[in-house]
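Content type mmCIF, C-alpha atoms and all ligand atoms, from the file final39.cif:
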```cif
data_entry
loop_
_atom_site.label_atom_id
_atom_site.label_comp_id
_atom_site.auth_asym_id
_atom_site.auth_seq_id
_atom_site.Cartn_x
_atom_site.Cartn_y
_atom_site.Cartn_z
CA MET A 1 5.86 -15.81 14.37
CA THR A 2 3.65 -18.74 15.15
CA THR A 3 0.32 -17.86 13.55
CA ALA A 4 -1.55 -15.03 11.89
CA ARG A 5 -4.88 -16.55 12.91
CA ILE A 6 -6.29 -15.23 16.16
CA PRO A 7 -9.93 -16.32 16.37
CA GLY A 8 -12.19 -13.96 18.30
CA PHE A 9 -9.61 -11.13 18.19
CA TYR A 10 -12.32 -8.63 17.33
CA ASN A 11 -14.28 -9.35 20.50
CA LEU A 12 -11.37 -9.00 22.95
CA PRO A 13 -10.81 -5.87 25.04
CA LEU A 14 -7.99 -3.70 23.67
CA ASP A 15 -5.32 -4.74 26.18
CA GLU A 16 -6.05 -8.41 25.69
CA ARG A 17 -5.74 -7.95 21.94
CA LEU A 18 -2.19 -6.72 22.43
CA GLU A 19 -1.40 -9.70 24.66
CA GLN A 20 -2.78 -12.16 22.11
CA LEU A 21 -0.90 -10.37 19.37
CA ALA A 22 2.40 -10.65 21.21
CA LYS A 23 1.74 -14.32 21.86
CA ALA A 24 0.87 -15.05 18.21
CA ALA A 25 3.91 -13.12 17.02
CA GLY A 26 6.26 -14.74 19.51
CA LEU A 27 7.25 -11.30 20.86
CA SER A 28 7.18 -9.75 24.32
CA LEU A 29 4.55 -7.18 25.26
CA ASP A 30 7.39 -4.74 25.70
CA GLU A 31 8.47 -5.14 22.11
CA LEU A 32 4.99 -4.21 20.92
CA SER A 33 4.18 -1.56 23.51
CA ALA A 34 4.85 1.27 21.02
CA LEU A 35 1.75 0.12 19.10
CA LYS A 36 -0.29 1.70 21.90
CA SER A 37 -0.87 5.35 21.13
CA SER A 38 0.20 6.41 24.62
CA ASN A 39 3.66 4.98 23.86
CA GLY A 40 3.84 6.17 20.26
CA LEU A 41 5.51 9.20 18.75
CA MET A 42 6.22 11.87 21.37
CA ASP A 43 6.06 15.59 20.59
CA GLU A 44 9.81 15.94 21.22
CA GLN A 45 10.57 13.20 18.70
CA ALA A 46 8.15 14.70 16.19
CA ASP A 47 9.91 18.04 16.62
CA HIS A 48 13.03 16.51 15.07
CA MET A 49 11.13 15.07 12.12
CA ILE A 50 9.46 18.08 10.49
CA GLU A 51 9.24 21.84 10.96
CA ASN A 52 6.94 24.00 13.12
CA VAL A 53 5.75 21.01 15.15
CA VAL A 54 2.93 21.62 17.61
CA GLY A 55 1.91 18.00 18.21
CA THR A 56 1.24 14.68 16.53
CA PHE A 57 -1.74 13.30 14.65
CA SER A 58 -3.08 9.83 15.45
CA LEU A 59 -4.85 7.25 13.30
CA PRO A 60 -6.39 3.97 14.44
CA LEU A 61 -3.93 1.08 14.14
CA GLY A 62 -5.57 -2.30 13.45
CA ILE A 63 -4.13 -5.72 12.70
CA GLY A 64 -4.74 -7.51 9.43
CA LEU A 65 -5.11 -11.17 10.41
CA ASN A 66 -4.87 -14.50 8.56
CA PHE A 67 -2.19 -13.50 6.05
CA ILE A 68 0.16 -16.11 4.64
CA VAL A 69 2.71 -14.61 2.27
CA ASN A 70 5.10 -16.96 0.46
CA GLY A 71 4.28 -19.62 3.03
CA ARG A 72 4.99 -17.34 6.01
CA GLU A 73 2.36 -16.30 8.54
CA VAL A 74 2.29 -12.50 8.85
CA LEU A 75 0.39 -10.23 11.22
CA VAL A 76 -0.10 -6.96 9.40
CA PRO A 77 -0.26 -3.55 11.11
CA MET A 78 -2.65 -1.19 9.30
CA ALA A 79 -3.05 2.52 10.09
CA ILE A 80 -6.29 3.84 8.64
CA GLU A 81 -9.34 5.88 9.58
CA GLU A 82 -11.84 4.08 7.32
CA PRO A 83 -14.10 1.37 8.76
CA SER A 84 -14.27 -2.10 7.14
CA VAL A 85 -10.79 -2.00 5.62
CA VAL A 86 -8.99 -4.08 8.27
CA ALA A 87 -11.94 -6.48 8.58
CA GLY A 88 -12.19 -6.82 4.79
CA ALA A 89 -8.48 -7.59 4.32
CA SER A 90 -8.49 -10.09 7.20
CA PHE A 91 -11.57 -11.89 5.89
CA MET A 92 -10.19 -12.18 2.35
CA ALA A 93 -6.81 -13.36 3.70
CA LYS A 94 -8.76 -16.09 5.47
CA LEU A 95 -10.41 -17.15 2.21
CA ALA A 96 -7.00 -17.12 0.51
CA ARG A 97 -5.44 -19.35 3.21
CA ALA A 98 -7.32 -22.36 1.90
CA GLY A 99 -5.52 -21.86 -1.45
CA GLY A 100 -2.11 -21.41 0.23
CA GLY A 101 -2.28 -17.66 0.85
CA PHE A 102 -0.43 -15.16 -1.31
CA THR A 103 2.51 -15.85 -3.59
CA VAL A 104 4.76 -12.89 -4.09
CA THR A 105 7.62 -11.99 -6.39
CA THR A 106 9.67 -8.81 -6.35
CA SER A 107 12.17 -7.34 -8.79
CA ALA A 108 15.54 -5.97 -7.65
CA PRO A 109 15.14 -2.84 -5.48
CA GLU A 110 16.18 -0.53 -8.32
CA MET A 111 15.09 3.09 -8.31
CA ILE A 112 15.33 5.57 -11.17
CA GLY A 113 16.97 8.98 -10.80
CA GLN A 114 16.25 11.53 -13.52
CA ILE A 115 18.67 14.19 -14.74
CA GLN A 116 17.29 16.76 -17.17
CA VAL A 117 19.91 18.21 -19.53
CA LEU A 118 18.98 21.40 -21.39
CA GLY A 119 20.75 23.33 -24.15
CA VAL A 120 22.31 20.31 -25.85
CA LYS A 121 22.96 21.12 -29.53
CA ASP A 122 23.02 17.65 -31.03
CA LEU A 123 20.87 15.33 -28.94
CA ILE A 124 21.77 12.11 -30.81
CA THR A 125 25.54 12.70 -30.66
CA ALA A 126 25.32 13.67 -26.98
CA SER A 127 23.34 10.50 -26.24
CA MET A 128 25.98 8.37 -27.92
CA LYS A 129 28.76 10.11 -26.02
CA LEU A 130 26.95 9.48 -22.74
CA TYR A 131 26.74 5.76 -23.52
CA GLU A 132 30.47 5.76 -24.31
CA HIS A 133 31.15 7.16 -20.84
CA LYS A 134 28.63 4.91 -19.12
CA ALA A 135 31.14 2.81 -17.15
CA GLU A 136 32.92 5.80 -15.61
CA LEU A 137 29.62 7.59 -14.88
CA LEU A 138 28.32 4.51 -13.08
CA ALA A 139 31.58 4.17 -11.12
CA GLU A 140 31.24 7.80 -10.06
CA ALA A 141 27.62 7.43 -9.01
CA ASP A 142 28.52 4.28 -7.12
CA GLN A 143 30.73 6.21 -4.71
CA VAL A 144 28.00 8.24 -3.05
CA ASP A 145 26.96 5.66 -0.48
CA PRO A 146 29.64 3.27 0.79
CA LEU A 147 27.18 1.69 3.24
CA LEU A 148 24.83 0.84 0.41
CA ASN A 149 27.78 -0.66 -1.51
CA LYS A 150 28.65 -2.76 1.49
CA PHE A 151 25.17 -4.29 1.40
CA GLY A 152 25.41 -4.96 -2.33
CA GLY A 153 23.59 -1.86 -3.63
CA GLY A 154 24.83 0.89 -5.94
CA ALA A 155 24.64 2.24 -9.48
CA ARG A 156 23.43 -0.36 -11.97
CA ASP A 157 22.70 1.25 -15.29
CA LEU A 158 22.37 4.44 -17.26
CA GLU A 159 19.69 5.10 -19.88
CA VAL A 160 19.52 8.15 -22.10
CA ARG A 161 16.19 9.41 -23.37
CA ILE A 162 15.36 12.17 -25.79
CA ILE A 163 12.13 13.94 -24.89
CA GLU A 164 10.98 15.16 -28.27
CA ASP A 165 7.71 16.82 -27.45
CA SER A 166 7.72 19.27 -24.60
CA PRO A 167 6.48 22.87 -24.21
CA ILE A 168 10.11 24.04 -24.42
CA GLY A 169 11.12 21.76 -27.29
CA ALA A 170 13.37 18.71 -27.22
CA PHE A 171 15.85 17.91 -24.46
CA LEU A 172 17.87 15.06 -22.98
CA VAL A 173 17.04 13.04 -19.89
CA VAL A 174 19.49 10.67 -18.27
CA HIS A 175 18.07 7.88 -16.12
CA LEU A 176 20.36 6.56 -13.43
CA ILE A 177 19.28 3.12 -12.25
CA TYR A 178 20.32 2.60 -8.64
CA ASP A 179 19.96 -0.47 -6.44
CA VAL A 180 18.97 0.86 -3.03
CA ARG A 181 18.65 -2.51 -1.21
CA ASP A 182 16.54 -2.06 1.94
CA ALA A 183 16.19 1.72 1.79
CA MET A 184 13.34 3.63 0.19
CA GLY A 185 16.21 5.17 -1.71
CA ALA A 186 15.28 8.79 -2.38
CA ASN A 187 18.32 10.18 -0.57
CA ALA A 188 20.90 7.92 -2.20
CA VAL A 189 19.45 8.43 -5.67
CA ASN A 190 19.10 12.21 -5.39
CA THR A 191 22.66 12.50 -4.08
CA ALA A 192 23.99 10.32 -6.91
CA CYS A 193 22.14 12.39 -9.53
CA GLU A 194 23.55 15.61 -8.11
CA LYS A 195 27.03 14.12 -8.07
CA LEU A 196 26.86 13.19 -11.78
CA ALA A 197 25.65 16.60 -12.94
CA PRO A 198 29.01 18.33 -13.66
CA HIS A 199 30.34 15.32 -15.56
CA LEU A 200 27.14 15.09 -17.63
CA GLU A 201 27.46 18.77 -18.55
CA GLU A 202 31.04 18.20 -19.61
CA ILE A 203 30.11 15.26 -21.85
CA THR A 204 26.97 16.76 -23.41
CA GLY A 205 27.92 20.46 -23.58
CA GLY A 206 24.48 21.21 -22.12
CA HIS A 207 23.50 22.30 -18.67
CA VAL A 208 21.87 20.09 -16.08
CA HIS A 209 18.54 21.35 -14.76
CA LEU A 210 16.54 18.90 -12.55
CA LYS A 211 18.19 16.07 -10.62
CA ILE A 212 15.57 14.02 -8.84
CA LEU A 213 14.23 10.52 -8.24
CA SER A 214 11.21 9.31 -10.25
CA ASN A 215 8.27 7.98 -8.29
CA LEU A 216 7.28 5.87 -11.28
CA ALA A 217 9.48 3.15 -9.82
CA ASP A 218 8.70 0.65 -12.56
CA LYS A 219 11.94 -1.22 -12.04
CA ARG A 220 11.06 -1.89 -8.41
CA LEU A 221 7.90 -3.93 -8.76
CA ALA A 222 6.12 -6.25 -6.38
CA LYS A 223 3.56 -8.78 -7.56
CA ALA A 224 1.12 -10.81 -5.46
CA ALA A 225 -1.07 -13.65 -6.68
CA CYS A 226 -3.73 -15.72 -4.95
CA THR A 227 -6.21 -18.46 -5.73
CA ILE A 228 -9.55 -18.47 -3.95
CA GLN A 229 -11.16 -21.87 -4.06
CA LEU A 230 -14.66 -21.89 -5.43
CA LYS A 231 -16.03 -23.46 -2.24
CA GLU A 232 -14.77 -20.46 -0.25
CA LEU A 233 -16.73 -18.01 -2.33
CA GLY A 234 -20.38 -18.97 -1.89
CA PHE A 235 -22.23 -17.47 1.09
CA GLN A 236 -25.59 -16.68 2.60
CA PRO A 237 -26.13 -12.91 2.93
CA GLU A 238 -26.24 -12.06 6.62
CA GLY A 239 -29.69 -11.42 8.06
CA GLN A 240 -31.40 -12.26 4.75
CA ASP A 241 -32.42 -15.88 5.19
CA ASN A 242 -35.32 -15.34 2.80
CA LEU A 243 -32.82 -14.93 -0.08
CA SER A 244 -31.09 -17.93 -1.64
CA PRO A 245 -27.34 -18.09 -0.98
CA TYR A 246 -24.82 -16.81 -3.52
CA THR A 247 -23.11 -19.74 -5.20
CA GLY A 248 -19.32 -19.82 -5.59
CA GLU A 249 -19.74 -19.49 -9.37
CA GLN A 250 -21.99 -16.43 -8.99
CA VAL A 251 -19.55 -14.68 -6.69
CA ARG A 252 -16.53 -15.59 -8.85
CA ASP A 253 -18.14 -14.42 -12.09
CA GLY A 254 -19.45 -11.31 -10.36
CA ILE A 255 -15.92 -10.44 -9.23
CA ILE A 256 -14.52 -11.02 -12.71
CA ALA A 257 -17.21 -8.82 -14.27
CA ALA A 258 -16.51 -6.12 -11.66
CA TRP A 259 -12.81 -6.25 -12.53
CA ALA A 260 -13.60 -6.10 -16.27
CA PHE A 261 -15.39 -2.79 -15.64
CA ALA A 262 -12.23 -1.33 -14.05
CA ALA A 263 -10.02 -2.81 -16.76
CA ALA A 264 -12.04 -1.02 -19.45
CA ASP A 265 -13.09 2.27 -17.82
CA PRO A 266 -10.87 4.87 -16.10
CA TYR A 267 -13.78 6.23 -14.05
CA ARG A 268 -14.25 2.83 -12.45
CA ALA A 269 -10.49 2.05 -12.42
CA ALA A 270 -9.83 5.09 -10.20
CA THR A 271 -12.23 3.77 -7.55
CA HIS A 272 -11.12 0.17 -7.97
CA ASN A 273 -7.48 1.21 -7.47
CA LYS A 274 -8.48 3.42 -4.54
CA GLY A 275 -9.79 0.26 -2.90
CA ILE A 276 -6.42 -1.41 -3.47
CA MET A 277 -4.68 1.62 -1.97
CA ASN A 278 -6.92 1.41 1.13
CA GLY A 279 -4.92 -1.69 2.04
CA VAL A 280 -1.58 -0.65 0.59
CA ASP A 281 -1.44 2.79 2.22
CA ALA A 282 -2.55 1.47 5.60
CA VAL A 283 0.56 -0.75 5.81
CA VAL A 284 2.81 1.84 4.19
CA ILE A 285 1.76 4.38 6.84
CA ALA A 286 2.00 1.93 9.74
CA THR A 287 5.59 1.12 8.77
CA GLY A 288 6.64 4.79 8.50
CA ASN A 289 6.99 4.78 4.73
CA ASP A 290 6.17 7.53 2.24
CA TRP A 291 2.61 6.85 1.08
CA ARG A 292 2.55 9.80 -1.32
CA ALA A 293 5.42 8.20 -3.21
CA ILE A 294 3.56 4.89 -3.34
CA GLU A 295 0.33 6.58 -4.47
CA ALA A 296 2.15 8.52 -7.21
CA GLY A 297 3.90 5.37 -8.44
CA ALA A 298 0.72 3.31 -8.36
CA HIS A 299 -1.39 5.65 -10.44
CA ALA A 300 1.38 6.45 -12.93
CA TYR A 301 1.93 2.70 -13.35
CA ALA A 302 -1.81 2.18 -13.85
CA ALA A 303 -1.62 4.62 -16.78
CA ARG A 304 1.62 3.29 -18.25
CA GLU A 305 0.00 2.08 -21.48
CA GLY A 306 -1.52 5.48 -22.23
CA ARG A 307 -4.90 4.77 -20.63
CA TYR A 308 -5.55 4.56 -16.89
CA THR A 309 -6.64 1.04 -15.95
CA SER A 310 -6.93 -1.48 -13.12
CA LEU A 311 -3.77 -2.40 -11.23
CA SER A 312 -5.14 -5.88 -10.52
CA LYS A 313 -6.41 -8.75 -12.67
CA TRP A 314 -9.05 -11.34 -11.80
CA GLY A 315 -9.86 -14.55 -13.68
CA LYS A 316 -10.39 -18.28 -13.12
CA ASP A 317 -8.16 -21.33 -13.32
CA GLU A 318 -8.85 -24.71 -14.97
CA ASP A 319 -10.69 -25.92 -11.88
CA GLY A 320 -12.95 -22.90 -11.85
CA ASN A 321 -11.25 -21.28 -8.83
CA LEU A 322 -10.94 -17.50 -8.71
CA THR A 323 -7.43 -16.20 -9.43
CA GLY A 324 -6.15 -12.73 -8.63
CA GLU A 325 -2.98 -10.80 -9.34
CA LEU A 326 -1.68 -7.37 -8.40
CA GLU A 327 1.53 -5.82 -9.70
CA MET A 328 2.67 -2.31 -8.85
CA PRO A 329 5.78 -0.27 -7.99
CA MET A 330 6.63 -0.62 -4.33
CA ALA A 331 9.35 1.77 -3.18
CA VAL A 332 9.34 1.06 0.55
CA GLY A 333 12.24 0.74 2.96
CA ILE A 334 12.97 -0.79 6.33
CA VAL A 335 16.07 1.30 7.06
CA GLY A 336 16.34 5.06 7.30
CA GLY A 337 13.74 7.79 7.55
CA ALA A 338 10.68 7.41 9.75
CA THR A 339 10.93 3.60 9.65
CA LYS A 340 13.79 3.90 12.13
CA VAL A 341 12.72 7.01 14.05
CA HIS A 342 9.01 6.52 14.64
CA PRO A 343 8.57 4.13 17.60
CA THR A 344 5.26 2.75 16.28
CA ALA A 345 6.72 2.10 12.83
CA LYS A 346 9.63 0.25 14.45
CA ALA A 347 7.26 -1.93 16.48
CA ALA A 348 5.08 -2.48 13.38
CA LEU A 349 8.08 -3.76 11.40
CA LYS A 350 9.06 -6.01 14.27
CA LEU A 351 5.55 -7.43 14.41
CA MET A 352 5.67 -8.29 10.71
CA GLY A 353 9.08 -9.91 11.06
CA VAL A 354 10.17 -8.73 7.63
CA ARG A 355 13.92 -9.00 7.05
CA THR A 356 14.16 -7.05 3.79
CA ALA A 357 12.38 -4.20 2.04
CA ALA A 358 11.37 -6.72 -0.63
CA GLU A 359 9.61 -8.84 1.98
CA LEU A 360 7.75 -5.78 3.22
CA ALA A 361 6.79 -4.91 -0.37
CA GLY A 362 5.43 -8.44 -0.80
CA VAL A 363 3.22 -8.18 2.26
CA ILE A 364 1.94 -4.78 1.13
CA VAL A 365 0.87 -5.96 -2.34
CA SER A 366 -0.78 -9.01 -0.76
CA VAL A 367 -2.84 -6.70 1.46
CA GLY A 368 -3.68 -4.57 -1.60
CA LEU A 369 -4.93 -7.63 -3.44
CA ALA A 370 -6.94 -8.85 -0.44
CA GLN A 371 -8.49 -5.39 -0.06
CA ASN A 372 -9.41 -5.29 -3.73
CA LEU A 373 -11.07 -8.69 -3.38
CA ALA A 374 -13.03 -7.55 -0.33
CA ALA A 375 -14.41 -4.56 -2.22
CA LEU A 376 -15.23 -6.49 -5.41
CA ARG A 377 -16.87 -9.34 -3.50
CA ALA A 378 -19.09 -6.89 -1.62
CA LEU A 379 -19.88 -4.80 -4.69
CA ALA A 380 -20.66 -7.87 -6.80
CA THR A 381 -23.07 -9.27 -4.20
CA GLU A 382 -24.74 -7.38 -1.36
CA GLY A 383 -23.31 -3.96 -2.17
CA ILE A 384 -20.82 -2.05 -0.06
CA GLN A 385 -23.22 -0.33 2.33
CA ARG A 386 -24.32 -3.29 4.41
CA GLY A 387 -20.81 -4.02 5.65
CA HIS A 388 -20.02 -0.35 6.05
CA MET A 389 -23.27 0.45 7.77
CA SER A 390 -22.67 -0.82 11.29
CA LEU A 391 -19.19 0.69 11.64
CA HIS A 392 -20.33 3.91 10.04
CA ALA A 393 -23.31 3.92 12.41
CA ARG A 394 -20.96 3.73 15.39
CA GLN A 395 -19.00 6.73 14.13
CA VAL A 396 -22.24 8.67 13.66
CA ALA A 397 -23.38 7.65 17.16
CA ILE A 398 -20.09 8.92 18.64
CA ALA A 399 -20.40 12.16 16.67
CA ALA A 400 -23.89 12.59 18.16
CA GLY A 401 -22.43 12.32 21.64
CA ALA A 402 -22.94 8.63 22.49
CA VAL A 403 -20.46 7.16 24.96
CA GLY A 404 -19.74 3.66 26.31
CA LYS A 405 -22.62 1.24 25.86
CA GLN A 406 -24.76 3.92 24.21
CA ILE A 407 -22.59 3.71 21.09
CA GLU A 408 -23.56 0.12 20.26
CA MET A 409 -27.18 0.69 21.23
CA VAL A 410 -27.66 3.81 19.09
CA ALA A 411 -25.74 2.27 16.17
CA ALA A 412 -27.75 -0.96 16.26
CA GLN A 413 -31.04 0.91 16.24
CA MET A 414 -30.02 3.10 13.30
CA VAL A 415 -28.87 0.04 11.32
CA ALA A 416 -32.14 -1.77 12.07
CA GLU A 417 -34.04 1.29 10.86
CA LYS A 418 -31.70 1.67 7.87
CA THR A 419 -31.35 5.33 8.81
CA VAL A 420 -27.80 6.24 9.71
CA ARG A 421 -27.90 9.99 10.25
CA ILE A 422 -26.65 12.26 12.99
CA ASP A 423 -30.09 13.79 13.61
CA ARG A 424 -31.57 10.32 14.12
CA ALA A 425 -28.69 9.36 16.43
CA GLU A 426 -29.37 12.48 18.50
CA GLU A 427 -33.07 11.62 18.73
CA ILE A 428 -32.36 8.06 19.88
CA LEU A 429 -29.87 9.36 22.42
CA LYS A 430 -32.35 11.88 23.81
CA LYS A 431 -34.91 9.14 24.36
CA THR A 432 -32.43 7.07 26.39
CA LYS A 433 -31.66 9.97 28.74
C1 LIG B 501 -13.97 2.57 -0.65
O1 LIG B 501 -13.02 3.16 0.21
C2 LIG B 501 -13.32 1.66 -1.66
C3 LIG B 501 -14.23 1.06 -2.71
O2 LIG B 501 -14.95 2.11 -3.37
C4 LIG B 501 -13.37 0.31 -3.69
C5 LIG B 501 -14.09 -0.17 -4.92
O3 LIG B 501 -15.10 0.43 -5.33
O4 LIG B 501 -13.59 -1.15 -5.53
C6 LIG B 501 -15.28 0.17 -2.09
#
```
Represent the structure contained in this file as C-alpha cells.
Amino acid sequence: MTTARIPGFYNLPLDERLEQLAKAAGLSLDELSALKSSNGLMDEQADHMIENVVGTFSLPLGIGLNFIVNGREVLVPMAIEEPSVVAGASFMAKLARAGGGFTVTTSAPEMIGQIQVLGVKDLITASMKLYEHKAELLAEADQVDPLLNKFGGGARDLEVRIIEDSPIGAFLVVHLIYDVRDAMGANAVNTACEKLAPHLEEITGGHVHLKILSNLADKRLAKAACTIQLKELGFQPEGQDNLSPYTGEQVRDGIIAAWAFAAADPYRAATHNKGIMNGVDAVVIATGNDWRAIEAGAHAYAAREGRYTSLSKWGKDEDGNLTGELEMPMAVGIVGGATKVHPTAKAALKLMGVRTAAELAGVIVSVGLAQNLAALRALATEGIQRGHMSLHARQVAIAAGAVGKQIEMVAAQMVAEKTVRIDRAEEILKKTK
C-alpha cells in the first residue's frame, strides 16, 4: 500500500477508479477484479453458501479514502446502500490525517461460549467443584481445534456464574473463554462448549441445556482514538456565503454537546450509535463478516452499565483540539466462512492489506469513529439534510425514470428548488422530453 489518498477519485469514471485504486494499493487490476459486481459472487457459489438459493443480492461497494490506522495507510472497502456514508467517512479521515490518523488498540481475540446448566441442587458447591476441575476442563476444550492451537489459540479460562433471577428460578452458567486468533470463532467456541457438556453434567449433577457463543464479546474489544486539530474544524457552509463561517471552537463544542446528548439519553444514543454502525457494518459486510453478530454485540455493550448509552466519547485536549474515542466488541475474522468463500470479500481483504483479524477490527472501529464524527459535525452545524440532499435527489431522479445525463440535471433542479420528491422529478423529466 502506498497511499490512501486519491484526490479526485469521486470524479473519475468507474473503470478508472479501479485502476487508480490498484495503483494506490500496489496491487494488480486482476487482484481487485472481484470488486466489480460482474466478477463477484456467482449463483453457483452462492448455492453452496445458504439454502434455497435463487440468486444473489448486490449492494454498492465504495472505497473509504484517507484512512491512516496505527500509522498505516488503508483503503477501506464499504458495502452500503445509504448515500453520504462513504463520503462522510473519507472526509473525516482526511481531517484526522493532520492529527496522525487513528490510533487503535485491541484486546486478545477471546470469545465467550455459554453453557447453561439446569437442575443443579447446590449451586455454590457445584460452582466450587467446577473451579476445582478447571484445568482439566480447559485441556479438554483445547482439543477441539488443533489448527487453532497451532496458531496459538485455544481455551483460556472458565468462569462460573449463578443466574439468580430468571423466570425459571436460579441456574448455573459456565463461560468458556476461547482465543480464536484470526477466526470469527463461532464454530470453534460452539464445538468446544458442546464437547464440555457431558463432563460439566458429571461434575455438577445437573443437566446441560444451551451451549452457544455469546455475541456480547466484551473480551474481544477494539478501541480507536483520534485527535482533530482545531484548525481542521472551522468551515464556510457551502453555497451560503452570506453566513459567517463556523469557527473551529464552534464546531468542536457543537460536536461535544451533540455527544453529551447521546451519552445521557437512550433515544438519541440509538441514533448516534446507528451512525457509528453505518461505517462499521459497511466494512463488516464488505469483508464477508457477520454484521448481525457485530450489531448485537455493539448494542449489548452500549447497555452494559444498565442504561443504553453512546459507544463513542468526544472531548477536547489541552490545546483545545477535538478528541474522539470508540470502543466496542469486534468479533470479525479473516479466515473461514464467507471471508474465504466470497470472491468480493477476498478482494476487499486484500485491498486493505490486513494481516490479522485484530488489524481488521482496528480499521473497522476507526471507520465507525470517523462516521460518527461525520454525522455529529453535520448535525451540529448545517444539519444532515444538505449533505444528503444531492445524493438523495439522484436516487429520486432515478426512481422517476431519469437515465444518463438526466439524472444529474433533474437532481440539481430539485436541490435548487429544495423540493426532492418523486412527483417533482417526474414533472421536470416530462418537461425535458
Ligand atoms: C443516519 O443514517 C445516521 C445519523 O442519524 C446518525 C446520527 O444521528 O448521529 C445521521
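Counting all atoms listed in the file and comparing A:Glu140, A:Asp157, A:Asp15, A:Glu427, the residue that lies closest to A:Leu35 is A:Asp15.
Considering only C-alpha atoms and all ligand atoms, every residue of the polymer chains approaching ligand LIG 501 (chain B) to 9 Å or closer is listed here: Glu82, Pro83, Ser84, Val85, Ala258, Trp259, Ala262, Arg268, Ala269, Ala270, Thr271, His272, Asn273, Lys274, Gly275, Ile276, Met277, Asn278, Gln371, Asn372, Leu373, Ala374, Ala375, Leu376, Ala378, Leu379 and Ile384 of chain A.
Atom pair atom CA of A:Lys313 / atom CA of A:Trp291 has a distance of 22.7 Å (rounded to one decimal).
Residue nearest A:Gly362 within the list A:Ser58, A:Ser37, A:Asn190, A:Thr105: A:Thr105 [criterion: smallest interatomic distance, only C-alpha atoms].
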Spatial neighbours of stretch 60-74 of chain A, 7 Å, only C-alpha atoms, chain gap at least 3 places, as JSON, numbers by chain: {"A": [1, 3, 4, 5, 77, 78, 79, 80, 81, 86, 89, 90, 93, 94, 97, 101, 102, 103, 104, 352, 363]}
Output as a tab-separated table one row per residue of stretch 201-280 of chain A within 10 Å of stretch 170-186 of chain A: the closest atom pair and its distance in Å to one decimal place, counting only C-alpha atoms, sorted by chain and residue number ascending.
```
residue	atom	partner	partner_atom	distance
A:Thr204	CA	A:Leu172	CA	9.3
A:Gly206	CA	A:Leu172	CA	9.1
A:Val208	CA	A:Val173	CA	9.4
A:His209	CA	A:Val173	CA	9.9
A:Leu210	CA	A:Val173	CA	9.4
A:Lys211	CA	A:Val174	CA	9.5
A:Ile212	CA	A:Ala186	CA	8.3
A:Leu213	CA	A:Ala186	CA	6.2
A:Ser214	CA	A:Ala186	CA	8.9
A:Asn215	CA	A:Ala186	CA	9.2
A:Lys219	CA	A:Ile177	CA	8.5
A:Arg220	CA	A:Asp179	CA	9.2
```
Find the spatial neighbours of stretch 191-203 of chain A, counting only C-alpha atoms, within a cut-off of 8 Å - ignore same-chain residues fewer than 2 positions away - and output them as a PDB file with C-alpha atoms, in the coordinates of the input.
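Contents of result-v6.pdb, freshly written:
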```
ATOM      1  CA  GLY A 113      16.970   8.980 -10.800  1.00  0.00           C
ATOM      2  CA  GLN A 114      16.250  11.530 -13.520  1.00  0.00           C
ATOM      3  CA  ILE A 115      18.670  14.190 -14.740  1.00  0.00           C
ATOM      4  CA  VAL A 117      19.910  18.210 -19.530  1.00  0.00           C
ATOM      5  CA  ALA A 126      25.320  13.670 -26.980  1.00  0.00           C
ATOM      6  CA  LYS A 129      28.760  10.110 -26.020  1.00  0.00           C
ATOM      7  CA  LEU A 130      26.950   9.480 -22.740  1.00  0.00           C
ATOM      8  CA  LEU A 137      29.620   7.590 -14.880  1.00  0.00           C
ATOM      9  CA  GLU A 140      31.240   7.800 -10.060  1.00  0.00           C
ATOM     10  CA  ALA A 141      27.620   7.430  -9.010  1.00  0.00           C
ATOM     11  CA  ASP A 142      28.520   4.280  -7.120  1.00  0.00           C
ATOM     12  CA  VAL A 144      28.000   8.240  -3.050  1.00  0.00           C
ATOM     13  CA  LEU A 176      20.360   6.560 -13.430  1.00  0.00           C
ATOM     14  CA  ASN A 187      18.320  10.180  -0.570  1.00  0.00           C
ATOM     15  CA  ALA A 188      20.900   7.920  -2.200  1.00  0.00           C
ATOM     16  CA  VAL A 189      19.450   8.430  -5.670  1.00  0.00           C
ATOM     17  CA  GLY A 205      27.920  20.460 -23.580  1.00  0.00           C
ATOM     18  CA  GLY A 206      24.480  21.210 -22.120  1.00  0.00           C
ATOM     19  CA  HIS A 207      23.500  22.300 -18.670  1.00  0.00           C
ATOM     20  CA  VAL A 208      21.870  20.090 -16.080  1.00  0.00           C
ATOM     21  CA  LYS A 211      18.190  16.070 -10.620  1.00  0.00           C
ATOM     22  CA  ILE A 212      15.570  14.020  -8.840  1.00  0.00           C
TER      23      ILE A 212
END
```
Write out as an MDAnalysis selection string each polymer residue whose atoms come within 12 Å of A:Lys430, counting all atoms listed in the file; drop sequence neighbours fewer than 5 positions from it. chainID A and resid 397 400:402 406 410 423:425
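With all atoms listed in the file as the basis for measurement, A:Ala24 is the residue among A:Ala24, A:Ile407, A:Val335, A:Met92 that approaches A:Ile6 most closely.
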For A:Val54, list every protein, DNA or RNA residue within 12 Å, evaluated using only C-alpha atoms, and leave out those in the same chain fewer than 3 positions away; present the list as number ranges by chain. A: 42-51, 57
Selection above as a file: C-alpha atoms, as a CSV table (one decimal), keeping the file's coordinate frame:
```csv
chain,number,residue,atom,x,y,z
A,42,MET,CA,6.2,11.9,21.4
A,43,ASP,CA,6.1,15.6,20.6
A,44,GLU,CA,9.8,15.9,21.2
A,45,GLN,CA,10.6,13.2,18.7
A,46,ALA,CA,8.2,14.7,16.2
A,47,ASP,CA,9.9,18.0,16.6
A,48,HIS,CA,13.0,16.5,15.1
A,49,MET,CA,11.1,15.1,12.1
A,50,ILE,CA,9.5,18.1,10.5
A,51,GLU,CA,9.2,21.8,11.0
A,57,PHE,CA,-1.7,13.3,14.6
```
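Here the question is which of A:Glu382, A:Glu426, A:Glu31, A:Glu16 gets nearest to A:Glu238 using only C-alpha atoms, and that residue is A:Glu382.
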Please report the interatomic distance between atom CA of A:Lys340 and atom CA of A:Phe9 in Å with one decimal. 28.5 Å
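Distance check against A:Leu158 using only C-alpha atoms: of A:Met111, A:Gly99, A:Met328, A:Asn52, the minimum falls on A:Met111.
Distances here use only C-alpha atoms; by that measure, the residue among A:Val284, A:Ile398, A:Val120, A:Ala155 closest to A:Thr339 is A:Val284.
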